[in-house]
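Participant: Below is one structure. I have some questions about it.
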Amino acid sequence: MDPILVYDTTLRDGTQAEDISFSAEEKLRVALRFDEAGFHYVEGGWPGANPRDDRFFELARGVEFANARLVAFGSTRRPGVAAAEDKNLKAVAAAGTPAVTLFGKSWDLHATEIFGVELSENLAMIAESTAFLSGSGKEVLYDAEHFFDGYKANPDYALETVLAAVEGGAGTVVLCDTNGGTLPQEVERIVPRVMAALEKHAAGRSAVRVPVGIHAHNDCGLAVANTIAAVNAGCTMVQGTVNGYGERCGNADLTSVIPVLQVKMGRQCLPEASLKRLRSLSRYVSEAANMTPQSTRPFVGESAFAHKGGVHVSAVRKVPRAYEHMDPELVGNRRRVLVSDLSGKSNVEVKAQELGIDLANGGNGETSRKLVTEVKKLENAGYQFDAAEGSFELLMKKRLGLFSPAFELKSFLVTIRKEKDKPCFSEATIKICVNGQERFTAAEGQGPVGALDNALRKALRRFYPEAARDMRLVDFKVRVIDGREGTAARVKVFIESRDTEEIWKTIGVSEDIIEASWQALADSFEWKLGRDKEKAASPEKPAEA
């Protein structure tokens with residue numbers, strides 16, 4: 001079977017998602033990571049469309065890609081304009097990339113009702129544009145926009161548009177489900193018909209049929225399924241984005257597409273070493289995009305191989321495939337065991353093993369049973385340790401006498417001031433003690449927790465400068481445990497923090513939201529400082545991605 005070519009469009013189509021934007025310099029760094037991973041094509045953007053993309057291609061001219069072909073994206077010429085005179089095509093040609101991707105209209109509705117041109121003019125736009133760029137020595141890929149909708153509306157004309165691109169010199173034809181409304185069975189029915197038409201066309205010219213790719217959007221939640229269906233039907237190129245970022249509901253997620261093809265179907269996509277860094281790549285892109293990683297993302301998500309029920313954990317300890325469809329290490333992930341009120345002794349024992357903690361005191365499991373009992377009591381009081389593993393790790397170490405606090409709270413004070421027509425203003429003062437030395441600081445923040453975070457960070461900077469600099473709070477959630485008590489109800493506060501390598505979650509529970517926030521915040525810093533201490537003591541142990 002032919003290997004599958006991976007075409008990434010995170011830096012173009014992915015940036016059309018809400019809340020995602022990369023600077024030109026960030027785009028270049030991400031593109032180089034894709035190149036390092038062994039992606040075959042990396043689409044950098046649309047030259048001439050905006051200054052950022054122009055700047056990116058300017059920067060990329062001085063960079064050599066080892067594995068990937070950098071691609072500039074653009075549209076076919078405008079109606080009534082010669083290809084050689086079209087500003088868009090000239091900008092694409094001038095981008096300096098070895099490959100270009102042009103998109104054109106395959107749906108007759110778009111030609112006649114959106115562009116307002118004759119169907120014959122649309123065909124000329126496709127053929128002349130691809131000919132212009134292929135004649136300049138570029139590898140030309142043709143994105144047949146709205147192809148599946150176009151085929152279902154007018155199959156003969158949709159095929160004509162594809163053949164026009166091939167006549168113009170396109171080396172690959174990519175079928176696009178631009179609206180994301182096509183079903184997998186439709187993909188499996190239509191793709192072979194396209195391939196048959198291309199085969200017939202190539203035979204008439206004594207040429208080799210051009211390969212076919214797939215570009216699927218996720219509006220029905222089927223982008224990955226449609227991509228796999230297209231490969232089953234004969235496509236040898238998959239287009240998508242890392243983490244599925246993209247317009248509306250996103251694009252086909254390459255972090256799912258690649259392992260399904262390579263691990264499940266035996267279709268080579270990336271080098272094995274790159275596959276094992278897939279989770280790390282997913283995290284890198286989410287960090288660059290300033291997006292919180294989705295924990296439930298298949299294969300690379302934090303919860304992808306997480307086990308909570310005691311029965312599950314007991315089974316997976318004996319035979320992993322009993323509750324895991326694959327070895328998580330194949331994609332750089334790991335098995336996680338969650339601890340909650342649903343846990344049994346096995347959960348605690350596996351969790352301790354993960355952390356390198358010995359629970360075999362007496363050899364009868366008494367320690368783990370006591371921990372399970374305490375967890376169940378605390379969860380009944382409002383704690384939720386499966387969503388705050390950082391706090392559970394600290395709890396376990398405290399109960400086993402393995403915890404040494406990095407700092408001691410003496411006191412804190414948080415004030416909030418509201419003035420007419422102005423936002424609330426928060427200030428926090430805090431006094432802590434580290435190794436017998438007291439430190440008193442004050443800081444402002446956009447809210448009381450932000451002020452408290454800034455004050456604690458400022459106080460710790462004197463003692464732990466790197467930790468205070470590297471870690472940051474990325475999520476803060478408050479949940480009322482039982483609303484029947486009204487404003488006197490207990491609340492639980494979740495804090496998610498991260499540094500350059502890891503993400504961890506902590507929890508606090510109290511009738512007072514500020515006290516609960518402090519508990520979660522203090523745990524977050526204690527976890528980070530404890531982990532840094534362990535790494536310093538064992539520098540040979542690699543950090544988790």
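Chain lettering (A, B, ...) mirrors the order of the structure tokens, residue numbering begins at 1 for each chain separately, and ligand numbering begins at 1 in order of display.
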Enumerate the residues of range 375-458 of chain A with a DSSP assignment of helix (DSSP H, G or I), computed from the backbone, and present them as an NGL selection string.
Facilitator: :A and (375-380 or 385-387 or 389-399 or 448-458)
Participant: Give the strand (DSSP E) residues of range 282-473 of chain A, as assigned by DSSP on the backbone, as an MDAnalysis selection string.
Facilitator: chainID A and resid 306:307 336:337 408:417 425:434 437:445 472:473
Participant: Restricting the output to N, CA and C atoms, write the selected residues as an mmCIF file, in the first residue's frame.
Facilitator:
```cif
data_model
loop_
_atom_site.group_PDB
_atom_site.id
_atom_site.type_symbol
_atom_site.label_atom_id
_atom_site.label_comp_id
_atom_site.auth_asym_id
_atom_site.auth_seq_id
_atom_site.Cartn_x
_atom_site.Cartn_y
_atom_site.Cartn_z
ATOM 1 N N ALA A 306 -7.025 7.449 30.523
ATOM 2 C CA ALA A 306 -7.255 7.609 31.958
ATOM 3 C C ALA A 306 -8.304 6.606 32.426
ATOM 4 N N HIS A 307 -8.102 6.058 33.618
ATOM 5 C CA HIS A 307 -9.003 5.045 34.166
ATOM 6 C C HIS A 307 -9.420 5.468 35.572
ATOM 7 N N ARG A 336 -3.073 6.863 32.744
ATOM 8 C CA ARG A 336 -3.303 7.606 33.980
ATOM 9 C C ARG A 336 -4.399 6.909 34.777
ATOM 10 N N VAL A 337 -4.177 6.807 36.055
ATOM 11 C CA VAL A 337 -5.191 6.247 36.956
ATOM 12 C C VAL A 337 -5.727 7.381 37.816
ATOM 13 N N GLU A 408 5.312 28.450 54.231
ATOM 14 C CA GLU A 408 4.258 28.423 55.239
ATOM 15 C C GLU A 408 3.530 29.756 55.210
ATOM 16 N N LEU A 409 2.209 29.706 55.145
ATOM 17 C CA LEU A 409 1.417 30.924 55.168
ATOM 18 C C LEU A 409 1.307 31.452 56.594
ATOM 19 N N LYS A 410 1.633 32.722 56.756
ATOM 20 C CA LYS A 410 1.403 33.389 58.033
ATOM 21 C C LYS A 410 0.067 34.126 58.012
ATOM 22 N N SER A 411 -0.189 34.860 56.935
ATOM 23 C CA SER A 411 -1.462 35.570 56.818
ATOM 24 C C SER A 411 -1.583 36.154 55.420
ATOM 25 N N PHE A 412 -2.826 36.413 55.015
ATOM 26 C CA PHE A 412 -3.037 37.215 53.813
ATOM 27 C C PHE A 412 -4.275 38.075 54.005
ATOM 28 N N LEU A 413 -4.344 39.146 53.251
ATOM 29 C CA LEU A 413 -5.473 40.068 53.289
ATOM 30 C C LEU A 413 -5.780 40.472 51.864
ATOM 31 N N VAL A 414 -7.043 40.341 51.483
ATOM 32 C CA VAL A 414 -7.478 40.714 50.132
ATOM 33 C C VAL A 414 -8.531 41.804 50.264
ATOM 34 N N THR A 415 -8.353 42.891 49.547
ATOM 35 C CA THR A 415 -9.319 43.990 49.558
ATOM 36 C C THR A 415 -9.824 44.229 48.137
ATOM 37 N N ILE A 416 -11.084 44.604 48.048
ATOM 38 C CA ILE A 416 -11.706 44.905 46.764
ATOM 39 C C ILE A 416 -12.369 46.272 46.873
ATOM 40 N N ARG A 417 -12.075 47.119 45.898
ATOM 41 C CA ARG A 417 -12.661 48.466 45.906
ATOM 42 C C ARG A 417 -13.419 48.684 44.602
ATOM 43 N N PHE A 425 -11.336 46.912 41.698
ATOM 44 C CA PHE A 425 -9.892 46.939 41.871
ATOM 45 C C PHE A 425 -9.543 46.054 43.069
ATOM 46 N N SER A 426 -8.616 45.114 42.896
ATOM 47 C CA SER A 426 -8.258 44.173 43.967
ATOM 48 C C SER A 426 -6.790 44.329 44.342
ATOM 49 N N GLU A 427 -6.550 44.173 45.632
ATOM 50 C CA GLU A 427 -5.179 44.219 46.134
ATOM 51 C C GLU A 427 -5.032 43.151 47.204
ATOM 52 N N ALA A 428 -3.900 42.467 47.223
ATOM 53 C CA ALA A 428 -3.650 41.417 48.205
ATOM 54 C C ALA A 428 -2.306 41.654 48.881
ATOM 55 N N THR A 429 -2.276 41.453 50.177
ATOM 56 C CA THR A 429 -1.019 41.433 50.915
ATOM 57 C C THR A 429 -0.858 40.041 51.506
ATOM 58 N N ILE A 430 0.369 39.572 51.566
ATOM 59 C CA ILE A 430 0.602 38.211 52.037
ATOM 60 C C ILE A 430 1.906 38.141 52.810
ATOM 61 N N LYS A 431 1.916 37.319 53.852
ATOM 62 C CA LYS A 431 3.131 37.074 54.624
ATOM 63 C C LYS A 431 3.361 35.564 54.653
ATOM 64 N N ILE A 432 4.524 35.149 54.176
ATOM 65 C CA ILE A 432 4.878 33.730 54.183
ATOM 66 C C ILE A 432 6.228 33.557 54.868
ATOM 67 N N CYS A 433 6.526 32.306 55.204
ATOM 68 C CA CYS A 433 7.804 31.983 55.828
ATOM 69 C C CYS A 433 8.447 30.833 55.052
ATOM 70 N N VAL A 434 9.706 31.018 54.676
ATOM 71 C CA VAL A 434 10.465 29.990 53.951
ATOM 72 C C VAL A 434 11.778 29.772 54.693
ATOM 73 N N GLN A 437 12.707 32.348 57.185
ATOM 74 C CA GLN A 437 12.732 33.737 56.725
ATOM 75 C C GLN A 437 11.327 34.176 56.324
ATOM 76 N N GLU A 438 10.896 35.289 56.879
ATOM 77 C CA GLU A 438 9.565 35.797 56.548
ATOM 78 C C GLU A 438 9.652 36.771 55.379
ATOM 79 N N ARG A 439 8.603 36.757 54.599
ATOM 80 C CA ARG A 439 8.530 37.651 53.444
ATOM 81 C C ARG A 439 7.129 38.235 53.382
ATOM 82 N N PHE A 440 7.039 39.575 53.321
ATOM 83 C CA PHE A 440 5.756 40.272 53.262
ATOM 84 C C PHE A 440 5.703 41.048 51.957
ATOM 85 N N THR A 441 4.661 40.806 51.146
ATOM 86 C CA THR A 441 4.550 41.491 49.852
ATOM 87 C C THR A 441 3.106 41.900 49.607
ATOM 88 N N ALA A 442 2.943 42.765 48.633
ATOM 89 C CA ALA A 442 1.614 43.199 48.195
ATOM 90 C C ALA A 442 1.597 43.243 46.671
ATOM 91 N N ALA A 443 0.431 43.009 46.115
ATOM 92 C CA ALA A 443 0.302 43.048 44.655
ATOM 93 C C ALA A 443 -1.142 43.343 44.286
ATOM 94 N N GLU A 444 -1.318 43.852 43.092
ATOM 95 C CA GLU A 444 -2.643 44.134 42.562
ATOM 96 C C GLU A 444 -3.036 43.037 41.572
ATOM 97 N N GLY A 445 -4.324 43.001 41.243
ATOM 98 C CA GLY A 445 -4.802 42.032 40.262
ATOM 99 C C GLY A 445 -6.150 42.435 39.720
ATOM 100 N N ARG A 472 2.386 29.403 35.314
ATOM 101 C CA ARG A 472 1.309 30.378 35.209
ATOM 102 C C ARG A 472 -0.037 29.684 35.374
ATOM 103 N N LEU A 473 -0.984 30.423 35.873
ATOM 104 C CA LEU A 473 -2.347 29.925 36.049
ATOM 105 C C LEU A 473 -3.075 30.068 34.719
#
```
Participant: Let me make sure I understand: among A:Val194, A:Met237, A:Val30, A:Val311, which one has the smallest atom-to-atom distance to Asp2 in chain A if we use only C-alpha atoms?
Facilitator: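 Smallest distance to Asp2 in chain A is found for A:Met237.
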Participant: Using only C-alpha atoms, which residues sit within 8 Å of range 378-391 of chain A once same-chain residues fewer than 2 positions away are excluded, as a list in words?
Facilitator: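 Counting only the stated atoms, we get Lys308, Leu338, Val339, Ser340, Asp341, Glu374, Val375, Lys376, Glu393, Leu394, Leu395, Ile481, Arg490, Val491, Lys492, Phe494, Trp504, Lys505, Thr506, Ile507, Gly508, Val509, Ala520, Asp523, Ser524 and Trp527 of chain A.
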Participant: What would the file look like if the residues just selected were written as a CSV table (one decimal), in the first residue's frame with C-alpha atoms?
Facilitator:
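So the final result, stored in result.csv, reads:
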```
chain,number,residue,atom,x,y,z
A,308,LYS,CA,-11.3,5.9,37.1
A,338,LEU,CA,-7.7,8.6,38.6
A,339,VAL,CA,-8.6,8.6,42.2
A,340,SER,CA,-12.1,9.4,43.4
A,341,ASP,CA,-14.9,8.1,45.6
A,374,GLU,CA,-9.8,9.2,53.4
A,375,VAL,CA,-10.4,10.0,49.7
A,376,LYS,CA,-14.0,8.9,49.9
A,393,GLU,CA,-0.4,13.7,45.0
A,394,LEU,CA,0.2,16.2,47.8
A,395,LEU,CA,-2.4,14.5,50.0
A,481,ILE,CA,-21.3,22.0,46.1
A,490,ARG,CA,-19.6,25.4,50.3
A,491,VAL,CA,-17.7,25.9,47.1
A,492,LYS,CA,-14.9,24.0,45.4
A,494,PHE,CA,-10.3,24.2,40.6
A,504,TRP,CA,-1.4,20.1,36.7
A,505,LYS,CA,-4.7,20.7,38.5
A,506,THR,CA,-5.4,21.4,42.2
A,507,ILE,CA,-8.5,22.0,44.3
A,508,GLY,CA,-9.7,23.8,47.4
A,509,VAL,CA,-13.0,23.5,49.3
A,520,ALA,CA,-6.0,25.5,45.4
A,523,ASP,CA,-1.4,23.4,46.3
A,524,SER,CA,-0.5,24.5,42.8
A,527,TRP,CA,3.2,20.8,43.5
```
Participant: Excluding range 108-111 of chain A and any residue of its chain fewer than 2 positions from it, enumerate the residues within 12 Å of it, using only C-alpha atoms, and give them as a ChimeraX atom specification.
Facilitator: /A:78-79,104-106,113-126,145-161
Participant: For the selection just defined, write its residues with C-alpha atoms to a file, as a PDB file, in the first residue's frame.
Facilitator:
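As written to disk, again.pdb reads:
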```
ATOM      1  CA  ARG A  78     -10.395  36.541 -10.963  1.00  0.00           C
ATOM      2  CA  PRO A  79     -13.071  36.454 -13.657  1.00  0.00           C
ATOM      3  CA  GLY A 104     -11.268  26.769  -7.263  1.00  0.00           C
ATOM      4  CA  LYS A 105     -15.018  26.290  -7.459  1.00  0.00           C
ATOM      5  CA  SER A 106     -16.341  22.786  -8.071  1.00  0.00           C
ATOM      6  CA  GLU A 113     -24.664  32.511  -8.099  1.00  0.00           C
ATOM      7  CA  ILE A 114     -21.630  33.570  -6.021  1.00  0.00           C
ATOM      8  CA  PHE A 115     -19.054  34.498  -8.672  1.00  0.00           C
ATOM      9  CA  GLY A 116     -21.680  35.302 -11.280  1.00  0.00           C
ATOM     10  CA  VAL A 117     -19.726  33.707 -14.149  1.00  0.00           C
ATOM     11  CA  GLU A 118     -20.540  31.209 -16.848  1.00  0.00           C
ATOM     12  CA  LEU A 119     -19.615  27.627 -16.101  1.00  0.00           C
ATOM     13  CA  SER A 120     -17.155  27.701 -18.994  1.00  0.00           C
ATOM     14  CA  GLU A 121     -15.398  30.751 -17.541  1.00  0.00           C
ATOM     15  CA  ASN A 122     -15.014  28.979 -14.197  1.00  0.00           C
ATOM     16  CA  LEU A 123     -13.319  26.069 -15.985  1.00  0.00           C
ATOM     17  CA  ALA A 124     -10.999  28.510 -17.773  1.00  0.00           C
ATOM     18  CA  MET A 125     -10.129  30.179 -14.469  1.00  0.00           C
ATOM     19  CA  ILE A 126      -9.067  26.813 -13.024  1.00  0.00           C
ATOM     20  CA  GLU A 145     -13.540  23.553  -2.985  1.00  0.00           C
ATOM     21  CA  HIS A 146     -17.060  22.334  -2.131  1.00  0.00           C
ATOM     22  CA  PHE A 147     -16.362  19.276  -4.267  1.00  0.00           C
ATOM     23  CA  PHE A 148     -18.728  16.837  -2.562  1.00  0.00           C
ATOM     24  CA  ASP A 149     -21.639  19.289  -2.534  1.00  0.00           C
ATOM     25  CA  GLY A 150     -20.854  20.118  -6.142  1.00  0.00           C
ATOM     26  CA  TYR A 151     -20.716  16.475  -7.133  1.00  0.00           C
ATOM     27  CA  LYS A 152     -24.036  15.710  -5.501  1.00  0.00           C
ATOM     28  CA  ALA A 153     -25.621  18.678  -7.310  1.00  0.00           C
ATOM     29  CA  ASN A 154     -23.996  18.241 -10.729  1.00  0.00           C
ATOM     30  CA  PRO A 155     -21.541  15.330 -10.923  1.00  0.00           C
ATOM     31  CA  ASP A 156     -20.511  15.854 -14.530  1.00  0.00           C
ATOM     32  CA  TYR A 157     -19.574  19.480 -13.994  1.00  0.00           C
ATOM     33  CA  ALA A 158     -17.757  18.791 -10.699  1.00  0.00           C
ATOM     34  CA  LEU A 159     -15.591  16.249 -12.519  1.00  0.00           C
ATOM     35  CA  GLU A 160     -14.963  18.748 -15.320  1.00  0.00           C
ATOM     36  CA  THR A 161     -13.492  21.205 -12.817  1.00  0.00           C
TER      37      THR A 161
END
```
Participant: Need the shell around range 241-248 of chain A: protein/DNA/RNA residues with any atom at most 6 Å away, counting only C-alpha atoms. Skip same-chain ones fewer than 5 positions apart. Format as a list in words?
Facilitator: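 The residues satisfying every condition are Asp8, Thr9, Thr10, Asp13, Gly14, Gln16, Ala17, Asp253, Leu254 and Thr255 of chain A.
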Participant: Might you pull out every residue within 12 Å of range 315-322 of chain A, with only C-alpha atoms counted and same-chain residues fewer than 6 positions away left off, and present them as a short mmCIF file (atom, residue, chain, number, x, y, z; two decimals) with N, CA and C atoms, in the first residue's frame?
Facilitator:
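Once written, selection16.cif looks like this:
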```cif
data_model
loop_
_atom_site.label_atom_id
_atom_site.label_comp_id
_atom_site.auth_asym_id
_atom_site.auth_seq_id
_atom_site.Cartn_x
_atom_site.Cartn_y
_atom_site.Cartn_z
N PHE A 305 -6.17 7.99 27.96
CA PHE A 305 -5.87 6.68 28.53
C PHE A 305 -5.99 6.73 30.05
N ALA A 306 -7.02 7.45 30.52
CA ALA A 306 -7.25 7.61 31.96
C ALA A 306 -8.30 6.61 32.43
N HIS A 307 -8.10 6.06 33.62
CA HIS A 307 -9.00 5.04 34.17
C HIS A 307 -9.42 5.47 35.57
N LYS A 308 -10.73 5.45 35.81
CA LYS A 308 -11.26 5.94 37.08
C LYS A 308 -11.91 4.84 37.92
N GLY A 309 -12.74 4.01 37.32
CA GLY A 309 -13.44 2.97 38.07
C GLY A 309 -12.48 1.91 38.60
N PRO A 328 -0.52 3.45 24.80
CA PRO A 328 -0.45 4.92 24.75
C PRO A 328 0.93 5.47 24.40
N ARG A 334 0.52 8.43 27.98
CA ARG A 334 0.76 7.50 29.09
C ARG A 334 -0.57 7.14 29.73
N ARG A 335 -0.58 6.02 30.39
CA ARG A 335 -1.75 5.61 31.15
C ARG A 335 -1.84 6.45 32.42
N ARG A 336 -3.07 6.86 32.74
CA ARG A 336 -3.30 7.61 33.98
C ARG A 336 -4.40 6.91 34.78
N VAL A 337 -4.18 6.81 36.05
CA VAL A 337 -5.19 6.25 36.96
C VAL A 337 -5.73 7.38 37.82
N GLY A 344 -11.00 2.05 44.03
CA GLY A 344 -10.68 0.96 44.92
C GLY A 344 -9.21 1.03 45.30
N SER A 346 -6.82 -0.61 44.14
CA SER A 346 -5.95 -0.67 42.97
C SER A 346 -5.62 0.73 42.45
N ASN A 347 -6.62 1.64 42.47
CA ASN A 347 -6.37 2.99 41.97
C ASN A 347 -5.25 3.67 42.74
N GLU A 349 -2.93 2.30 44.61
CA GLU A 349 -1.65 1.60 44.47
C GLU A 349 -0.98 1.93 43.14
N VAL A 350 -1.78 1.98 42.06
CA VAL A 350 -1.21 2.33 40.76
C VAL A 350 -0.74 3.78 40.76
N LYS A 351 -1.53 4.65 41.37
CA LYS A 351 -1.16 6.07 41.42
C LYS A 351 0.15 6.24 42.20
N GLN A 353 2.46 4.01 42.50
CA GLN A 353 3.53 3.46 41.66
C GLN A 353 3.97 4.47 40.61
#
```
Participant: Tell me, as a list of chain:residue names, which residues lie within 10 Å of Met1 in chain A, counting only C-alpha atoms; anything in the same chain fewer than 4 positions away does not count.
Facilitator: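 Counting only C-alpha atoms, the residues come to A:Gly234, A:Thr236, A:Gly266, A:Arg267, A:Gln268.
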Participant: What is the CA of Val173 in chain A-CA of Phe34 in chain A distance in Å, reported with one decimal?
Facilitator: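 Separation between CA of Val173 in chain A and CA of Phe34 in chain A: 22.3 Å.
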